[in-house]
Structures are given as structure tokens and as C-alpha cells.
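Participant: My structure is in work33.pdb, and what it holds is PDB, C-alpha atoms, pLDDT in the B column:
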```pdb
ATOM      1  CA  MET A   3     -22.401  -4.924  12.158  1.00 42.00           C
ATOM      2  CA  ARG A   4     -21.111  -1.621  10.855  1.00 41.00           C
ATOM      3  CA  ARG A   5     -17.523  -0.786  11.610  1.00 43.00           C
ATOM      4  CA  THR A   6     -15.950   2.654  11.407  1.00 41.00           C
ATOM      5  CA  HIS A   7     -12.470   3.861  12.237  1.00 41.00           C
ATOM      6  CA  LYS A   8     -11.743   6.560  14.783  1.00 38.00           C
ATOM      7  CA  SER A   9      -9.456   8.846  12.770  1.00 37.00           C
ATOM      8  CA  ALA A  10      -7.163   9.091   9.789  1.00 37.00           C
ATOM      9  CA  ALA A  11      -4.291   9.758  12.208  1.00 34.00           C
ATOM     10  CA  ILE A  12      -4.593   6.232  13.627  1.00 38.00           C
ATOM     11  CA  PHE A  13      -4.250   4.833  10.129  1.00 42.00           C
ATOM     12  CA  ALA A  14      -1.255   6.953   9.250  1.00 38.00           C
ATOM     13  CA  ALA A  15       0.506   5.845  12.426  1.00 40.00           C
ATOM     14  CA  ALA A  16      -0.439   2.196  11.937  1.00 43.00           C
ATOM     15  CA  LEU A  17       0.714   2.296   8.337  1.00 46.00           C
ATOM     16  CA  PHE A  18       4.091   3.785   9.255  1.00 41.00           C
ATOM     17  CA  SER A  19       5.203   0.305  10.223  1.00 43.00           C
ATOM     18  CA  VAL A  20       3.620  -1.179   7.082  1.00 41.00           C
ATOM     19  CA  MET A  21       6.402   0.004   4.849  1.00 47.00           C
ATOM     20  CA  SER A  22       9.181   0.666   7.302  1.00 45.00           C
ATOM     21  CA  GLY A  23      11.656  -1.733   5.729  1.00 47.00           C
ATOM     22  CA  SER A  24      14.880  -0.318   4.377  1.00 39.00           C
ATOM     23  CA  GLY A  25      15.923  -0.562   0.733  1.00 39.00           C
ATOM     24  CA  THR A  26      17.522  -3.912   1.542  1.00 40.00           C
ATOM     25  CA  GLY A  27      14.282  -5.331   2.893  1.00 40.00           C
ATOM     26  CA  ALA A  28      15.280  -5.086   6.571  1.00 36.00           C
ATOM     27  CA  GLN A  29      12.580  -3.763   8.851  1.00 37.00           C
ATOM     28  CA  GLN A  30      13.089  -1.019  11.373  1.00 35.00           C
ATOM     29  CA  PRO A  31      11.688  -1.364  14.908  1.00 30.00           C
ATOM     30  CA  PRO A  32       7.930  -0.806  15.074  1.00 34.00           C
ATOM     31  CA  GLY A  33       6.612   2.582  16.102  1.00 32.00           C
ATOM     32  CA  PRO A  34       4.287   3.195  19.032  1.00 30.00           C
ATOM     33  CA  LYS A  35       1.769   0.456  19.824  1.00 33.00           C
ATOM     34  CA  GLN A  36      -1.340   0.941  17.716  1.00 36.00           C
ATOM     35  CA  PRO A  37      -4.904  -0.104  18.411  1.00 35.00           C
ATOM     36  CA  ALA A  38      -5.799  -3.419  16.808  1.00 41.00           C
ATOM     37  CA  THR A  39      -7.657  -3.031  13.527  1.00 48.00           C
ATOM     38  CA  SER A  40      -8.670  -6.666  13.215  1.00 53.00           C
ATOM     39  CA  THR A  41     -12.173  -7.749  14.078  1.00 56.00           C
ATOM     40  CA  PRO A  42     -12.861 -10.042  17.028  1.00 60.00           C
ATOM     41  CA  ALA A  43     -13.738 -13.636  16.106  1.00 66.00           C
ATOM     42  CA  GLY A  44     -17.354 -13.996  15.068  1.00 75.00           C
ATOM     43  CA  LYS A  45     -17.778 -10.393  13.946  1.00 87.00           C
ATOM     44  CA  HIS A  46     -18.252  -9.425  10.306  1.00 92.00           C
ATOM     45  CA  VAL A  47     -16.395  -6.497   8.801  1.00 90.00           C
ATOM     46  CA  MET A  48     -18.611  -4.252   6.703  1.00 93.00           C
ATOM     47  CA  VAL A  49     -17.175  -0.992   5.431  1.00 92.00           C
ATOM     48  CA  THR A  50     -19.160   1.387   3.264  1.00 93.00           C
ATOM     49  CA  PRO A  51     -17.443   4.060   1.152  1.00 91.00           C
ATOM     50  CA  ASN A  52     -18.408   6.695   3.742  1.00 91.00           C
ATOM     51  CA  ASP A  53     -16.695   4.642   6.481  1.00 92.00           C
ATOM     52  CA  VAL A  54     -13.281   4.738   4.779  1.00 94.00           C
ATOM     53  CA  LYS A  55     -11.026   7.171   6.657  1.00 93.00           C
ATOM     54  CA  TRP A  56      -8.076   8.239   4.539  1.00 96.00           C
ATOM     55  CA  GLY A  57      -4.747   9.265   6.002  1.00 95.00           C
ATOM     56  CA  PRO A  58      -1.382  10.203   4.511  1.00 94.00           C
ATOM     57  CA  ALA A  59       0.710   7.367   3.136  1.00 90.00           C
ATOM     58  CA  PRO A  60       3.591   6.097   5.259  1.00 90.00           C
ATOM     59  CA  PRO A  61       7.125   7.188   4.365  1.00 92.00           C
ATOM     60  CA  GLY A  62       7.716   3.968   2.381  1.00 94.00           C
ATOM     61  CA  LEU A  63       5.647   5.430  -0.471  1.00 95.00           C
ATOM     62  CA  PRO A  64       6.352   8.579  -2.465  1.00 96.00           C
ATOM     63  CA  ALA A  65       4.499  11.631  -1.116  1.00 96.00           C
ATOM     64  CA  GLY A  66       0.987  12.266  -2.384  1.00 97.00           C
ATOM     65  CA  ALA A  67      -0.784   8.948  -1.762  1.00 98.00           C
ATOM     66  CA  GLU A  68      -3.429   8.373   0.880  1.00 97.00           C
ATOM     67  CA  LEU A  69      -4.158   5.065   2.609  1.00 97.00           C
ATOM     68  CA  ALA A  70      -6.856   3.454   4.735  1.00 97.00           C
ATOM     69  CA  VAL A  71      -6.898   0.156   6.622  1.00 96.00           C
ATOM     70  CA  LEU A  72     -10.112  -1.794   6.043  1.00 96.00           C
ATOM     71  CA  ASP A  73      -9.231  -4.913   8.017  1.00 95.00           C
ATOM     72  CA  GLY A  74      -6.314  -6.544   9.798  1.00 95.00           C
ATOM     73  CA  ASP A  75      -2.996  -4.977  10.662  1.00 94.00           C
ATOM     74  CA  PRO A  76      -0.632  -4.701   7.675  1.00 94.00           C
ATOM     75  CA  GLY A  77       2.294  -4.196  10.066  1.00 93.00           C
ATOM     76  CA  LYS A  78       1.859  -7.630  11.643  1.00 95.00           C
ATOM     77  CA  ALA A  79       1.715 -11.243  10.481  1.00 96.00           C
ATOM     78  CA  GLY A  80      -1.727 -12.122   9.153  1.00 96.00           C
ATOM     79  CA  LEU A  81      -4.275 -11.192   6.523  1.00 97.00           C
ATOM     80  CA  PHE A  82      -4.919  -7.496   5.876  1.00 96.00           C
ATOM     81  CA  THR A  83      -6.888  -5.341   3.441  1.00 97.00           C
ATOM     82  CA  ILE A  84      -5.997  -1.712   2.735  1.00 97.00           C
ATOM     83  CA  ARG A  85      -6.984   0.891   0.167  1.00 97.00           C
ATOM     84  CA  ALA A  86      -4.642   3.352  -1.507  1.00 98.00           C
ATOM     85  CA  LYS A  87      -5.681   6.543  -3.283  1.00 98.00           C
ATOM     86  CA  PHE A  88      -3.237   7.920  -5.853  1.00 98.00           C
ATOM     87  CA  PRO A  89      -3.465  11.311  -7.601  1.00 98.00           C
ATOM     88  CA  ASP A  90      -3.183  11.465 -11.398  1.00 98.00           C
ATOM     89  CA  GLY A  91       0.365  10.701 -12.536  1.00 98.00           C
ATOM     90  CA  TYR A  92       1.438   9.232  -9.186  1.00 98.00           C
ATOM     91  CA  LYS A  93       4.264   6.702  -9.565  1.00 98.00           C
ATOM     92  CA  VAL A  94       5.728   4.004  -7.347  1.00 98.00           C
ATOM     93  CA  PRO A  95       9.184   3.048  -8.713  1.00 98.00           C
ATOM     94  CA  PRO A  96      10.210  -0.608  -9.201  1.00 98.00           C
ATOM     95  CA  HIS A  97       9.879  -2.499  -5.939  1.00 98.00           C
ATOM     96  CA  SER A  98       8.955  -5.866  -4.482  1.00 98.00           C
ATOM     97  CA  HIS A  99       7.314  -7.350  -1.396  1.00 97.00           C
ATOM     98  CA  PRO A 100       8.153 -10.479   0.628  1.00 97.00           C
ATOM     99  CA  THR A 101       4.550 -11.710   0.211  1.00 97.00           C
ATOM    100  CA  ASP A 102       2.065 -11.790  -2.667  1.00 98.00           C
ATOM    101  CA  GLU A 103       0.101  -8.577  -3.211  1.00 97.00           C
ATOM    102  CA  HIS A 104      -3.486  -8.879  -4.493  1.00 98.00           C
ATOM    103  CA  VAL A 105      -4.601  -5.614  -6.109  1.00 98.00           C
ATOM    104  CA  SER A 106      -8.140  -4.720  -7.192  1.00 98.00           C
ATOM    105  CA  VAL A 107      -8.708  -1.434  -9.006  1.00 98.00           C
ATOM    106  CA  ILE A 108     -11.717   0.307  -7.452  1.00 98.00           C
ATOM    107  CA  SER A 109     -11.669   3.469  -9.587  1.00 98.00           C
ATOM    108  CA  GLY A 110      -9.431   5.153 -12.128  1.00 98.00           C
ATOM    109  CA  THR A 111      -6.755   3.293 -14.064  1.00 98.00           C
ATOM    110  CA  LEU A 112      -3.614   1.711 -12.663  1.00 98.00           C
ATOM    111  CA  LYS A 113      -0.785   1.172 -15.119  1.00 98.00           C
ATOM    112  CA  ALA A 114       1.546  -1.638 -13.996  1.00 98.00           C
ATOM    113  CA  GLY A 115       4.799  -3.075 -15.273  1.00 98.00           C
ATOM    114  CA  SER A 116       7.277  -5.735 -14.198  1.00 97.00           C
ATOM    115  CA  GLY A 117      11.025  -5.629 -13.753  1.00 97.00           C
ATOM    116  CA  ALA A 118      13.752  -3.725 -11.954  1.00 97.00           C
ATOM    117  CA  LYS A 119      13.761  -0.840 -14.481  1.00 97.00           C
ATOM    118  CA  TRP A 120      10.843   1.432 -15.393  1.00 98.00           C
ATOM    119  CA  ASP A 121       9.580   0.803 -18.951  1.00 98.00           C
ATOM    120  CA  ASP A 122       6.482   2.744 -20.070  1.00 96.00           C
ATOM    121  CA  ALA A 123       6.097   0.574 -23.184  1.00 96.00           C
ATOM    122  CA  SER A 124       5.663  -2.630 -21.172  1.00 95.00           C
ATOM    123  CA  MET A 125       3.003  -1.326 -18.792  1.00 98.00           C
ATOM    124  CA  HIS A 126      -0.509  -2.803 -18.709  1.00 97.00           C
ATOM    125  CA  SER A 127      -3.549  -0.578 -18.136  1.00 98.00           C
ATOM    126  CA  LEU A 128      -5.865  -1.897 -15.445  1.00 98.00           C
ATOM    127  CA  ALA A 129      -9.219  -0.088 -15.450  1.00 98.00           C
ATOM    128  CA  ALA A 130     -11.738  -0.068 -12.594  1.00 98.00           C
ATOM    129  CA  GLY A 131     -12.830  -3.632 -11.879  1.00 98.00           C
ATOM    130  CA  SER A 132      -9.437  -5.099 -12.823  1.00 98.00           C
ATOM    131  CA  TYR A 133      -7.383  -7.419 -10.626  1.00 98.00           C
ATOM    132  CA  ALA A 134      -3.641  -8.102 -10.492  1.00 98.00           C
ATOM    133  CA  LYS A 135      -1.524 -10.427  -8.389  1.00 98.00           C
ATOM    134  CA  MET A 136       1.969  -9.108  -7.782  1.00 97.00           C
ATOM    135  CA  VAL A 137       4.048 -12.173  -6.940  1.00 97.00           C
ATOM    136  CA  LYS A 138       6.306 -12.040  -3.883  1.00 97.00           C
ATOM    137  CA  ARG A 139       9.918 -10.961  -4.447  1.00 97.00           C
ATOM    138  CA  MET A 140       9.245  -9.968  -8.098  1.00 98.00           C
ATOM    139  CA  ASN A 141       9.849  -6.319  -8.965  1.00 98.00           C
ATOM    140  CA  HIS A 142       6.960  -4.284 -10.317  1.00 98.00           C
ATOM    141  CA  TYR A 143       6.030  -0.613 -10.644  1.00 98.00           C
ATOM    142  CA  VAL A 144       2.800   1.338 -10.980  1.00 98.00           C
ATOM    143  CA  MET A 145       1.425   4.667 -12.145  1.00 98.00           C
ATOM    144  CA  ALA A 146      -2.029   6.209 -11.706  1.00 98.00           C
ATOM    145  CA  GLN A 147      -3.874   7.445 -14.770  1.00 98.00           C
ATOM    146  CA  GLY A 148      -6.443   9.826 -13.309  1.00 98.00           C
ATOM    147  CA  GLU A 149      -7.161   9.686  -9.590  1.00 98.00           C
ATOM    148  CA  THR A 150      -6.990   5.960  -8.839  1.00 98.00           C
ATOM    149  CA  ILE A 151      -8.128   3.927  -5.856  1.00 98.00           C
ATOM    150  CA  VAL A 152      -6.848   0.372  -5.382  1.00 98.00           C
ATOM    151  CA  GLN A 153      -7.578  -2.228  -2.759  1.00 98.00           C
ATOM    152  CA  ILE A 154      -4.659  -4.382  -1.630  1.00 98.00           C
ATOM    153  CA  THR A 155      -5.032  -7.654   0.239  1.00 98.00           C
ATOM    154  CA  GLY A 156      -2.151  -9.775   1.423  1.00 97.00           C
ATOM    155  CA  MET A 157      -0.388 -11.396   4.315  1.00 97.00           C
ATOM    156  CA  GLY A 158       1.517  -9.110   6.606  1.00 96.00           C
ATOM    157  CA  PRO A 159       3.782  -7.748   7.496  1.00 95.00           C
ATOM    158  CA  PHE A 160       3.538  -5.650   4.339  1.00 93.00           C
ATOM    159  CA  VAL A 161       7.006  -4.402   3.415  1.00 95.00           C
ATOM    160  CA  ILE A 162       8.178  -2.532   0.318  1.00 96.00           C
ATOM    161  CA  THR A 163      11.739  -2.972  -0.972  1.00 97.00           C
ATOM    162  CA  TYR A 164      12.840  -0.728  -3.845  1.00 98.00           C
ATOM    163  CA  ALA A 165      14.871  -2.303  -6.664  1.00 98.00           C
ATOM    164  CA  ASP A 166      17.108   0.784  -6.630  1.00 97.00           C
ATOM    165  CA  PRO A 167      17.695   2.007  -3.066  1.00 96.00           C
ATOM    166  CA  LYS A 168      17.974   5.568  -4.449  1.00 96.00           C
ATOM    167  CA  ASP A 169      14.218   5.405  -5.224  1.00 97.00           C
ATOM    168  CA  ASP A 170      13.342   4.720  -1.583  1.00 97.00           C
ATOM    169  CA  PRO A 171      11.628   7.863  -0.231  1.00 96.00           C
ATOM    170  CA  ARG A 172      12.666   6.888   3.314  1.00 94.00           C
ATOM    171  CA  LYS A 173      16.286   7.520   2.309  1.00 90.00           C
ATOM    172  CA  LYS A 174      15.700  10.902   0.683  1.00 77.00           C
ATOM    173  CA  THR A 175      16.481  14.130   2.485  1.00 59.00           C
ATOM    174  CA  ALA A 176      15.642  17.723   1.715  1.00 49.00           C
ATOM    175  CA  GLY A 177      18.985  18.051  -0.067  1.00 50.00           C
ATOM    176  CA  ASN A 178      18.443  15.062  -2.420  1.00 52.00           C
TER     177      ASN A 178
END
```
Rewrite the structure from the file as C-alpha cells, please.
Facilitator:
Amino acid sequence: MRRTHKSAAIFAAALFSVMSGSGTGAQQPPGPKQPATSTPAGKHVMVTPNDVKWGPAPPGLPAGAELAVLDGDPGKAGLFTIRAKFPDGYKVPPHSHPTDEHVSVISGTLKAGSGAKWDDASMHSLAAGSYAKMVKRMNHYVMAQGETIVQITGMGPFVITYADPKDDPRKKTAGN
């Protein structure tokens, strides 16, 4: 069975709740009810590259990334799979998640480091085909080298908590 998504706008709205936690890890109330993205029991999920519908990243990520939900609902409890597309040089400052994050590099190179402070010298380069497991509640940070697409699988709800609340793009205003 082939499965396609209706529009990138649905994904952007669904993903808003994905990373709606505050810098302290608290979640804000969910946004409007979204259509379920999980597959009914007994149905396979098969997504070809042409089926992936990209939408803007939710406010929990720095501007410039695009995201797509492949399966599940990252805003709710349960297994989910999403893809993220980062432009060259894109950075996500040190942060953590309350659940393990399984990252597969689809294309490009993802540079990743661990800790509450950014350190270029300690970053590992993960080329296409690489895999990383970011352990729950452990700070890490990433940077794209060239346009980079990653696939993230984990248990929801998927929440991002920045090590330094000043890095949280949800807390930034036009004057900051």
C-alpha cells in the first residue's frame, strides 16, 4: 500500500506540538487537533522519496530546517519516524530529549557533539549511511555540512530542551 500525505501544512501544524516544550522541559498545551498520521493496524507504511512532503520546522528548532512526518505522531506517546532537512551550516545548539533519539543520516554530513557547551573540536562527522543514538536526557548538538537529511525515530512525545534557555528559539523575539 502506498501512503502519501495531504500537504506540508498538515506536517508543520502537527510538528508544532513536537517541540513545544519550554527551555525547562515543560510542555505547552497542544495546538489544534491534527489528523492522525499513524497507520491503521494491519497496514504497511511505504513512503518513497517523492511521497515525502516537507514543511517548515516547528518553532522548537532554529529557522531554516524543514521536516516531514513519515509515520506515527511525534506529538503523542508512541513510536514515530520523521525526517529533517538542514541547509549547509545549520546548527542546533546543545539540547536534550526525554526519550532516546535514533538518527540515520540519509544524505549530506551531520556533525554531532556531546555536552552542554558547543565544542567544534569534539564533533564527529556522520556521513550518509551513518547512525547515531542520542541517549535520553544527555545534551548533544549538531551541525549540517552541506545540505543534510536525517531520519529520526523515537518514542513520543518528542520534546527538545535546550541546555541554555537563551538558545531556545521559542523564547527569542524580534528584539533579541
Participant: Taking into account only C-alpha atoms, which residue in the set A:Pro61, A:Pro96, A:Gly156, A:Gly115 is nearest to Lys174 in chain A?
Facilitator: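 Closest to Lys174 in chain A, using only C-alpha atoms: A:Pro61.
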Participant: If we count only C-alpha atoms, what is near Gly158 in chain A at a cut-off of 7 Å, once residues fewer than 6 positions away on the same chain are taken out, given as number ranges by chain?
Facilitator: A: 76-82
Participant: Expand the PyMOL selection byres ((chain A and resi 118) around 8) into the individual residues it matches in the shown file, reporting them as a list in words.
Facilitator: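 Listing what the PyMOL selection byres ((chain A and resi 118) around 8) selects in the shown file: Pro96, His97, Ser116, Gly117, Lys119, Trp120, Asn141, His142, Ala165 and Asp166 of chain A.
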Participant: Could you state which residues are captured by the PyMOL selection byres ((chain A and resi 102-112) around 10) in this file, as a ChimeraX atom specification?
Facilitator: /A:83-93,98-101,113-114,125-140,144-158,160
Participant: If you take every atom of range 103-122 of chain A that the file lists and fit an axis-aligned box around them with 5 Å extra on each side, what centre and edge lengths come out in Å to one decimal, as AutoDock Vina command-line options?
Facilitator:
```
--center_x 1.0 --center_y -1.9 --center_z -11.6 --size_x 35.5 --size_y 24.0 --size_z 26.9
```
